[in-house]
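So the structure is just underneath, and the comments pick up after that.
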Amino acid sequence: MRTYEVIERIDVFCDAVPRRRARADEYGPLVLFVPTGPGWPYYARPRRGARPRITAAAIRAVRARQRELIIPESFEWIEQTALEMAAAAAEAGLEVQPHPLMVLSAAPVVPALPVGVTVRTVPPEDPELDQIWAVPAVAFGHPGTAIGEAGPPERDKIAADHDGGTIEMLRERLRSGHSVLAAAFGPDGPVAAGSCQAVDGIAEITGVGVLPSSRRQGLGAAITALLARDALDRGVRTVFLSASDDAVARVYARIGFREIGTAMIAEPSAG
């Protein structure tokens, strides 16, 4: 399949996934996904098909609506499908971040695991589900690949703060098959986790995170490879992900992914 065809399939996926749990409101050249029930909020993105040119004014209008709804002012898109979006987002006051967009192009290579660590998919009723779901929160709170002190105590603190509704919603997504969750387990419980969701033969691997105290052991790569293999076994034809940066992209390349484009995220500056 040609690269532009793969990018088009991924763009269809990114437009379809939010529609399962959100209302799609169109604002000129953009579509804003508004949550219709419990769960995490989605983003705004370029409207598919023929659309007016994306301008800073259009982005500002969506940002105003996001503030009214008290949802994150977040925009996501693929650069190759909306070349004017990045400049318009920057003009509208957002910080634009590019990320390597990668697709699985070979059988996933599972790296060797450290002694005492196992990696598996997680069933809906797993008793450690709250701890597993807390792992990426700790990992993304300490971005990058550097080894750090944050580990099981921080994970358990976040897990204790989870409300029952969030975990039950996650269990339902796992029961329905809309999401697959995988984790790496050491002597102190889950130390890495990631998930995958599929629609119409396309799957995205997201949220792969490793506790800083357990980094640089190949755990993120092992989880990614397991999720990719699981997706292929379920009949998925296209498996993709977005790497946080070029260093992480090189890790995914060793598993069997190749870069085909650029995933873009625009949000207000943290400062």
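Ligands are numbered from 1 in the order shown, residues from 1 within each chain, and chains are lettered A, B, ... in the order they appear in the structure tokens.
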
I want to know what sits within 7 Å of Ile59 (chain A), based on only C-alpha atoms, with residues of the same chain fewer than 3 positions away left out; could you give that as a compact mmCIF listing (two decimals) with N, CA, C and O atoms, in the first residue's frame?
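Here's the written file result-v3.txt:
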```txt
# COMPACT_ATOMS: atom_id res chain seq x y z
N THR A 55 -8.03 28.62 9.09
CA THR A 55 -7.47 29.90 9.47
C THR A 55 -7.33 30.00 10.98
O THR A 55 -7.92 29.22 11.73
N ALA A 56 -6.55 31.00 11.40
CA ALA A 56 -6.40 31.25 12.83
C ALA A 56 -7.74 31.61 13.46
O ALA A 56 -8.03 31.23 14.60
N VAL A 62 -13.02 27.67 17.79
CA VAL A 62 -13.12 26.36 18.44
C VAL A 62 -12.53 26.43 19.84
O VAL A 62 -13.09 25.86 20.80
N ARG A 63 -11.44 27.15 20.00
CA ARG A 63 -10.86 27.30 21.35
C ARG A 63 -11.85 27.95 22.31
O ARG A 63 -11.96 27.53 23.47
N ALA A 89 -2.59 27.38 13.57
CA ALA A 89 -2.62 27.10 15.01
C ALA A 89 -1.64 27.98 15.75
O ALA A 89 -1.94 28.51 16.83
N ALA A 92 -2.92 31.39 16.04
CA ALA A 92 -4.02 31.45 17.01
C ALA A 92 -3.53 31.34 18.45
O ALA A 92 -4.35 31.30 19.38
```

Neighbours of Leu129 (chain A) within 10 Å (only C-alpha atoms; same-chain residues fewer than 5 positions away dropped), as a PyMOL selection string? chain A and resi 122-124+134+159+167-168+170-171+181+183+190

DSSP on the backbone, alpha helix (DSSP H) only: what residues of region 14-203 of chain A does that give? Format it as a VMD selection string. chain A and resid 14 to 16 56 to 69 85 to 91 129 to 141 152 to 161 164 to 176

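Each of A:Ala90, A:Leu104, A:Leu113, A:Gly28 was checked against Ile205 (chain A) using only C-alpha atoms; the smallest atom-to-atom distance is that of A:Leu104.
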
Hey, what's within 8 Å of region 193-199 of chain A if we count only C-alpha atoms and toss same-chain stuff fewer than 5 positions away? As an mmCIF file with all heavy atoms, in the first residue's frame, please?
```
data_model
loop_
_atom_site.group_PDB
_atom_site.id
_atom_site.type_symbol
_atom_site.label_atom_id
_atom_site.label_comp_id
_atom_site.auth_asym_id
_atom_site.auth_seq_id
_atom_site.Cartn_x
_atom_site.Cartn_y
_atom_site.Cartn_z
ATOM 1 N N PHE A 13 -9.324 6.825 10.533
ATOM 2 C CA PHE A 13 -9.366 6.271 11.895
ATOM 3 C C PHE A 13 -9.459 7.387 12.929
ATOM 4 O O PHE A 13 -10.271 7.333 13.857
ATOM 5 C CB PHE A 13 -8.110 5.430 12.121
ATOM 6 C CG PHE A 13 -7.926 4.937 13.527
ATOM 7 C CD1 PHE A 13 -8.347 3.672 13.893
ATOM 8 C CD2 PHE A 13 -7.316 5.728 14.499
ATOM 9 C CE1 PHE A 13 -8.167 3.202 15.192
ATOM 10 C CE2 PHE A 13 -7.134 5.271 15.785
ATOM 11 C CZ PHE A 13 -7.567 4.005 16.137
ATOM 12 N N ALA A 16 -12.819 8.710 13.082
ATOM 13 C CA ALA A 16 -13.879 7.772 13.467
ATOM 14 C C ALA A 16 -13.877 7.445 14.948
ATOM 15 O O ALA A 16 -14.950 7.329 15.565
ATOM 16 C CB ALA A 16 -13.737 6.487 12.650
ATOM 17 N N VAL A 17 -12.698 7.293 15.555
ATOM 18 C CA VAL A 17 -12.619 6.843 16.948
ATOM 19 C C VAL A 17 -13.391 7.746 17.910
ATOM 20 O O VAL A 17 -14.163 7.255 18.746
ATOM 21 C CB VAL A 17 -11.148 6.705 17.388
ATOM 22 C CG1 VAL A 17 -11.036 6.595 18.900
ATOM 23 C CG2 VAL A 17 -10.537 5.464 16.752
ATOM 24 N N ILE A 132 -2.272 -0.562 37.058
ATOM 25 C CA ILE A 132 -1.811 -0.574 35.664
ATOM 26 C C ILE A 132 -2.149 0.738 34.985
ATOM 27 O O ILE A 132 -1.318 1.349 34.295
ATOM 28 C CB ILE A 132 -2.452 -1.759 34.909
ATOM 29 C CG1 ILE A 132 -1.961 -3.083 35.490
ATOM 30 C CG2 ILE A 132 -2.152 -1.686 33.414
ATOM 31 C CD1 ILE A 132 -2.759 -4.291 35.039
ATOM 32 N N TRP A 133 -3.364 1.214 35.203
ATOM 33 C CA TRP A 133 -3.809 2.446 34.550
ATOM 34 C C TRP A 133 -3.049 3.662 35.090
ATOM 35 O O TRP A 133 -2.923 4.673 34.402
ATOM 36 C CB TRP A 133 -5.303 2.614 34.761
ATOM 37 C CG TRP A 133 -5.938 3.643 33.882
ATOM 38 C CD1 TRP A 133 -6.621 4.754 34.258
ATOM 39 C CD2 TRP A 133 -5.967 3.636 32.453
ATOM 40 N NE1 TRP A 133 -7.068 5.452 33.165
ATOM 41 C CE2 TRP A 133 -6.686 4.786 32.042
ATOM 42 C CE3 TRP A 133 -5.449 2.777 31.475
ATOM 43 C CZ2 TRP A 133 -6.889 5.092 30.692
ATOM 44 C CZ3 TRP A 133 -5.658 3.082 30.126
ATOM 45 C CH2 TRP A 133 -6.367 4.228 29.756
ATOM 46 N N VAL A 135 0.180 3.693 35.761
ATOM 47 C CA VAL A 135 1.576 3.698 35.303
ATOM 48 C C VAL A 135 1.844 4.790 34.271
ATOM 49 O O VAL A 135 2.797 5.571 34.422
ATOM 50 C CB VAL A 135 1.980 2.307 34.772
ATOM 51 C CG1 VAL A 135 3.300 2.389 34.010
ATOM 52 C CG2 VAL A 135 2.092 1.315 35.910
ATOM 53 N N PRO A 136 1.039 4.898 33.187
ATOM 54 C CA PRO A 136 1.325 5.967 32.221
ATOM 55 C C PRO A 136 1.236 7.364 32.819
ATOM 56 O O PRO A 136 1.967 8.265 32.403
ATOM 57 C CB PRO A 136 0.253 5.748 31.136
ATOM 58 C CG PRO A 136 -0.090 4.301 31.241
ATOM 59 C CD PRO A 136 -0.019 4.003 32.702
ATOM 60 N N HIS A 178 -13.043 -2.823 22.254
ATOM 61 C CA HIS A 178 -12.637 -1.560 21.638
ATOM 62 C C HIS A 178 -11.203 -1.204 22.004
ATOM 63 O O HIS A 178 -10.516 -0.522 21.237
ATOM 64 C CB HIS A 178 -13.575 -0.431 22.063
ATOM 65 C CG HIS A 178 -14.935 -0.540 21.470
ATOM 66 N ND1 HIS A 178 -16.022 0.164 21.943
ATOM 67 C CD2 HIS A 178 -15.401 -1.284 20.436
ATOM 68 C CE1 HIS A 178 -17.088 -0.133 21.215
ATOM 69 N NE2 HIS A 178 -16.737 -1.015 20.305
ATOM 70 N N SER A 179 -10.756 -1.645 23.171
ATOM 71 C CA SER A 179 -9.389 -1.377 23.620
ATOM 72 C C SER A 179 -8.749 -2.661 24.113
ATOM 73 O O SER A 179 -9.427 -3.556 24.617
ATOM 74 C CB SER A 179 -9.365 -0.338 24.737
ATOM 75 O OG SER A 179 -9.750 0.939 24.277
ATOM 76 N N VAL A 180 -7.432 -2.725 23.950
ATOM 77 C CA VAL A 180 -6.630 -3.802 24.515
ATOM 78 C C VAL A 180 -5.545 -3.136 25.350
ATOM 79 O O VAL A 180 -4.909 -2.175 24.910
ATOM 80 C CB VAL A 180 -5.992 -4.675 23.419
ATOM 81 C CG1 VAL A 180 -5.043 -5.714 24.038
ATOM 82 C CG2 VAL A 180 -7.072 -5.371 22.609
ATOM 83 N N LEU A 181 -5.349 -3.638 26.550
ATOM 84 C CA LEU A 181 -4.363 -3.090 27.475
ATOM 85 C C LEU A 181 -3.297 -4.141 27.735
ATOM 86 O O LEU A 181 -3.609 -5.318 27.891
ATOM 87 C CB LEU A 181 -5.056 -2.701 28.786
ATOM 88 C CG LEU A 181 -4.234 -2.029 29.883
ATOM 89 C CD1 LEU A 181 -3.706 -0.675 29.427
ATOM 90 C CD2 LEU A 181 -5.090 -1.870 31.143
ATOM 91 N N ALA A 182 -2.045 -3.705 27.735
ATOM 92 C CA ALA A 182 -0.942 -4.616 28.057
ATOM 93 C C ALA A 182 -0.064 -3.971 29.109
ATOM 94 O O ALA A 182 0.010 -2.739 29.213
ATOM 95 C CB ALA A 182 -0.120 -4.932 26.809
ATOM 96 N N ALA A 183 0.607 -4.794 29.900
ATOM 97 C CA ALA A 183 1.453 -4.272 30.965
ATOM 98 C C ALA A 183 2.628 -5.205 31.207
ATOM 99 O O ALA A 183 2.587 -6.397 30.895
ATOM 100 C CB ALA A 183 0.648 -4.089 32.258
ATOM 101 N N ALA A 184 3.679 -4.596 31.765
ATOM 102 C CA ALA A 184 4.843 -5.356 32.216
ATOM 103 C C ALA A 184 4.809 -5.398 33.734
ATOM 104 O O ALA A 184 4.532 -4.383 34.387
ATOM 105 C CB ALA A 184 6.125 -4.701 31.723
ATOM 106 N N GLU A 204 -4.393 1.752 16.565
ATOM 107 C CA GLU A 204 -3.403 2.693 17.068
ATOM 108 C C GLU A 204 -2.925 2.229 18.439
ATOM 109 O O GLU A 204 -3.730 1.909 19.317
ATOM 110 C CB GLU A 204 -3.981 4.094 17.187
ATOM 111 C CG GLU A 204 -2.972 5.111 17.714
ATOM 112 C CD GLU A 204 -3.538 6.501 17.912
ATOM 113 O OE1 GLU A 204 -4.774 6.631 17.987
ATOM 114 O OE2 GLU A 204 -2.742 7.451 17.977
ATOM 115 N N ILE A 205 -1.624 2.230 18.622
ATOM 116 C CA ILE A 205 -1.020 1.944 19.920
ATOM 117 C C ILE A 205 -0.738 3.277 20.598
ATOM 118 O O ILE A 205 -0.094 4.153 20.020
ATOM 119 C CB ILE A 205 0.268 1.129 19.765
ATOM 120 C CG1 ILE A 205 -0.064 -0.252 19.172
ATOM 121 C CG2 ILE A 205 0.983 0.967 21.108
ATOM 122 C CD1 ILE A 205 1.151 -1.082 18.830
ATOM 123 N N THR A 206 -1.249 3.437 21.811
ATOM 124 C CA THR A 206 -1.123 4.723 22.500
ATOM 125 C C THR A 206 -0.765 4.513 23.976
ATOM 126 O O THR A 206 -0.908 3.419 24.521
ATOM 127 C CB THR A 206 -2.444 5.522 22.443
ATOM 128 O OG1 THR A 206 -3.483 4.760 23.084
ATOM 129 C CG2 THR A 206 -2.857 5.812 21.022
ATOM 130 N N GLY A 207 -0.364 5.604 24.597
ATOM 131 C CA GLY A 207 -0.191 5.630 26.041
ATOM 132 C C GLY A 207 0.833 4.669 26.583
ATOM 133 O O GLY A 207 0.723 4.214 27.731
ATOM 134 N N VAL A 208 1.864 4.341 25.803
ATOM 135 C CA VAL A 208 2.904 3.445 26.307
ATOM 136 C C VAL A 208 3.812 4.236 27.244
ATOM 137 O O VAL A 208 4.437 5.219 26.852
ATOM 138 C CB VAL A 208 3.721 2.837 25.158
ATOM 139 C CG1 VAL A 208 4.843 1.955 25.715
ATOM 140 C CG2 VAL A 208 2.819 2.030 24.230
ATOM 141 N N GLY A 209 3.860 3.809 28.491
ATOM 142 C CA GLY A 209 4.669 4.500 29.481
ATOM 143 C C GLY A 209 5.348 3.527 30.422
ATOM 144 O O GLY A 209 4.809 2.455 30.733
ATOM 145 N N VAL A 210 6.541 3.902 30.888
ATOM 146 C CA VAL A 210 7.332 3.073 31.796
ATOM 147 C C VAL A 210 7.663 3.907 33.031
ATOM 148 O O VAL A 210 8.066 5.074 32.912
ATOM 149 C CB VAL A 210 8.635 2.593 31.127
ATOM 150 C CG1 VAL A 210 9.426 1.692 32.081
ATOM 151 C CG2 VAL A 210 8.334 1.863 29.834
ATOM 152 N N GLY A 220 9.013 -0.715 27.356
ATOM 153 C CA GLY A 220 8.089 -0.040 26.452
ATOM 154 C C GLY A 220 8.064 -0.705 25.089
ATOM 155 O O GLY A 220 7.004 -0.873 24.479
ATOM 156 N N ILE A 223 6.072 -4.037 25.301
ATOM 157 C CA ILE A 223 4.621 -3.823 25.327
ATOM 158 C C ILE A 223 4.117 -3.441 23.948
ATOM 159 O O ILE A 223 3.090 -3.942 23.475
ATOM 160 C CB ILE A 223 4.268 -2.747 26.371
ATOM 161 C CG1 ILE A 223 4.386 -3.345 27.770
ATOM 162 C CG2 ILE A 223 2.860 -2.195 26.152
ATOM 163 C CD1 ILE A 223 4.239 -2.350 28.874
ATOM 164 N N THR A 224 4.838 -2.562 23.261
ATOM 165 C CA THR A 224 4.436 -2.150 21.913
ATOM 166 C C THR A 224 4.410 -3.334 20.972
ATOM 167 O O THR A 224 3.468 -3.504 20.188
ATOM 168 C CB THR A 224 5.393 -1.070 21.394
ATOM 169 O OG1 THR A 224 5.390 0.045 22.297
ATOM 170 C CG2 THR A 224 4.981 -0.597 20.010
ATOM 171 N N LEU A 227 1.367 -5.576 21.763
ATOM 172 C CA LEU A 227 0.112 -4.990 21.284
ATOM 173 C C LEU A 227 0.019 -5.075 19.761
ATOM 174 O O LEU A 227 -1.059 -5.341 19.213
ATOM 175 C CB LEU A 227 0.008 -3.542 21.743
ATOM 176 C CG LEU A 227 -0.235 -3.331 23.238
ATOM 177 C CD1 LEU A 227 -0.066 -1.864 23.603
ATOM 178 C CD2 LEU A 227 -1.627 -3.817 23.632
ATOM 179 N N ALA A 231 -2.831 -7.154 17.723
ATOM 180 C CA ALA A 231 -3.686 -6.514 16.713
ATOM 181 C C ALA A 231 -3.659 -7.298 15.405
ATOM 182 O O ALA A 231 -4.704 -7.535 14.779
ATOM 183 C CB ALA A 231 -3.234 -5.076 16.490
ATOM 184 N N VAL A 236 -6.229 -7.038 12.177
ATOM 185 C CA VAL A 236 -5.925 -5.653 11.831
ATOM 186 C C VAL A 236 -4.908 -5.620 10.696
ATOM 187 O O VAL A 236 -3.943 -6.393 10.683
ATOM 188 C CB VAL A 236 -5.374 -4.903 13.074
ATOM 189 C CG1 VAL A 236 -4.759 -3.575 12.679
ATOM 190 C CG2 VAL A 236 -6.495 -4.699 14.079
#
```

Surrounding residues of Val138 (chain A) excluding itself and chain neighbours under 2 positions, 8 Å, only C-alpha atoms, as a list in words: Ala134, Val135, Pro136, Phe140, Gly141, His142, Ala150, Gly151, Glu154, Arg155, Ile158 and Leu211 of chain A

Could you state the separation of CA of Pro143 (chain A) and CA of Asp245 (chain A) in Å, given to one decimal place? 10.9 Å

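Of note, CA of Tyr4 (chain A) and CA of Glu84 (chain A) are spaced 17.6 Å apart.
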
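Pairwise distance (CA of Cys14 (chain A), CA of Trp77 (chain A)) equals 8.1 Å.
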
When DSSP is applied to the backbone of this structure, which of region 79-223 of chain A are assigned strand (DSSP E or B)? Write them out as JSON, numbers by chain. {"A": [95, 96, 97, 98, 99, 100, 101, 102, 103, 104, 118, 119, 120, 121, 179, 180, 181, 182, 183, 184, 185, 186, 189, 190, 191, 192, 193, 194, 195, 196, 197, 198, 199, 202, 203, 204, 205, 206, 207, 208, 209, 210]}
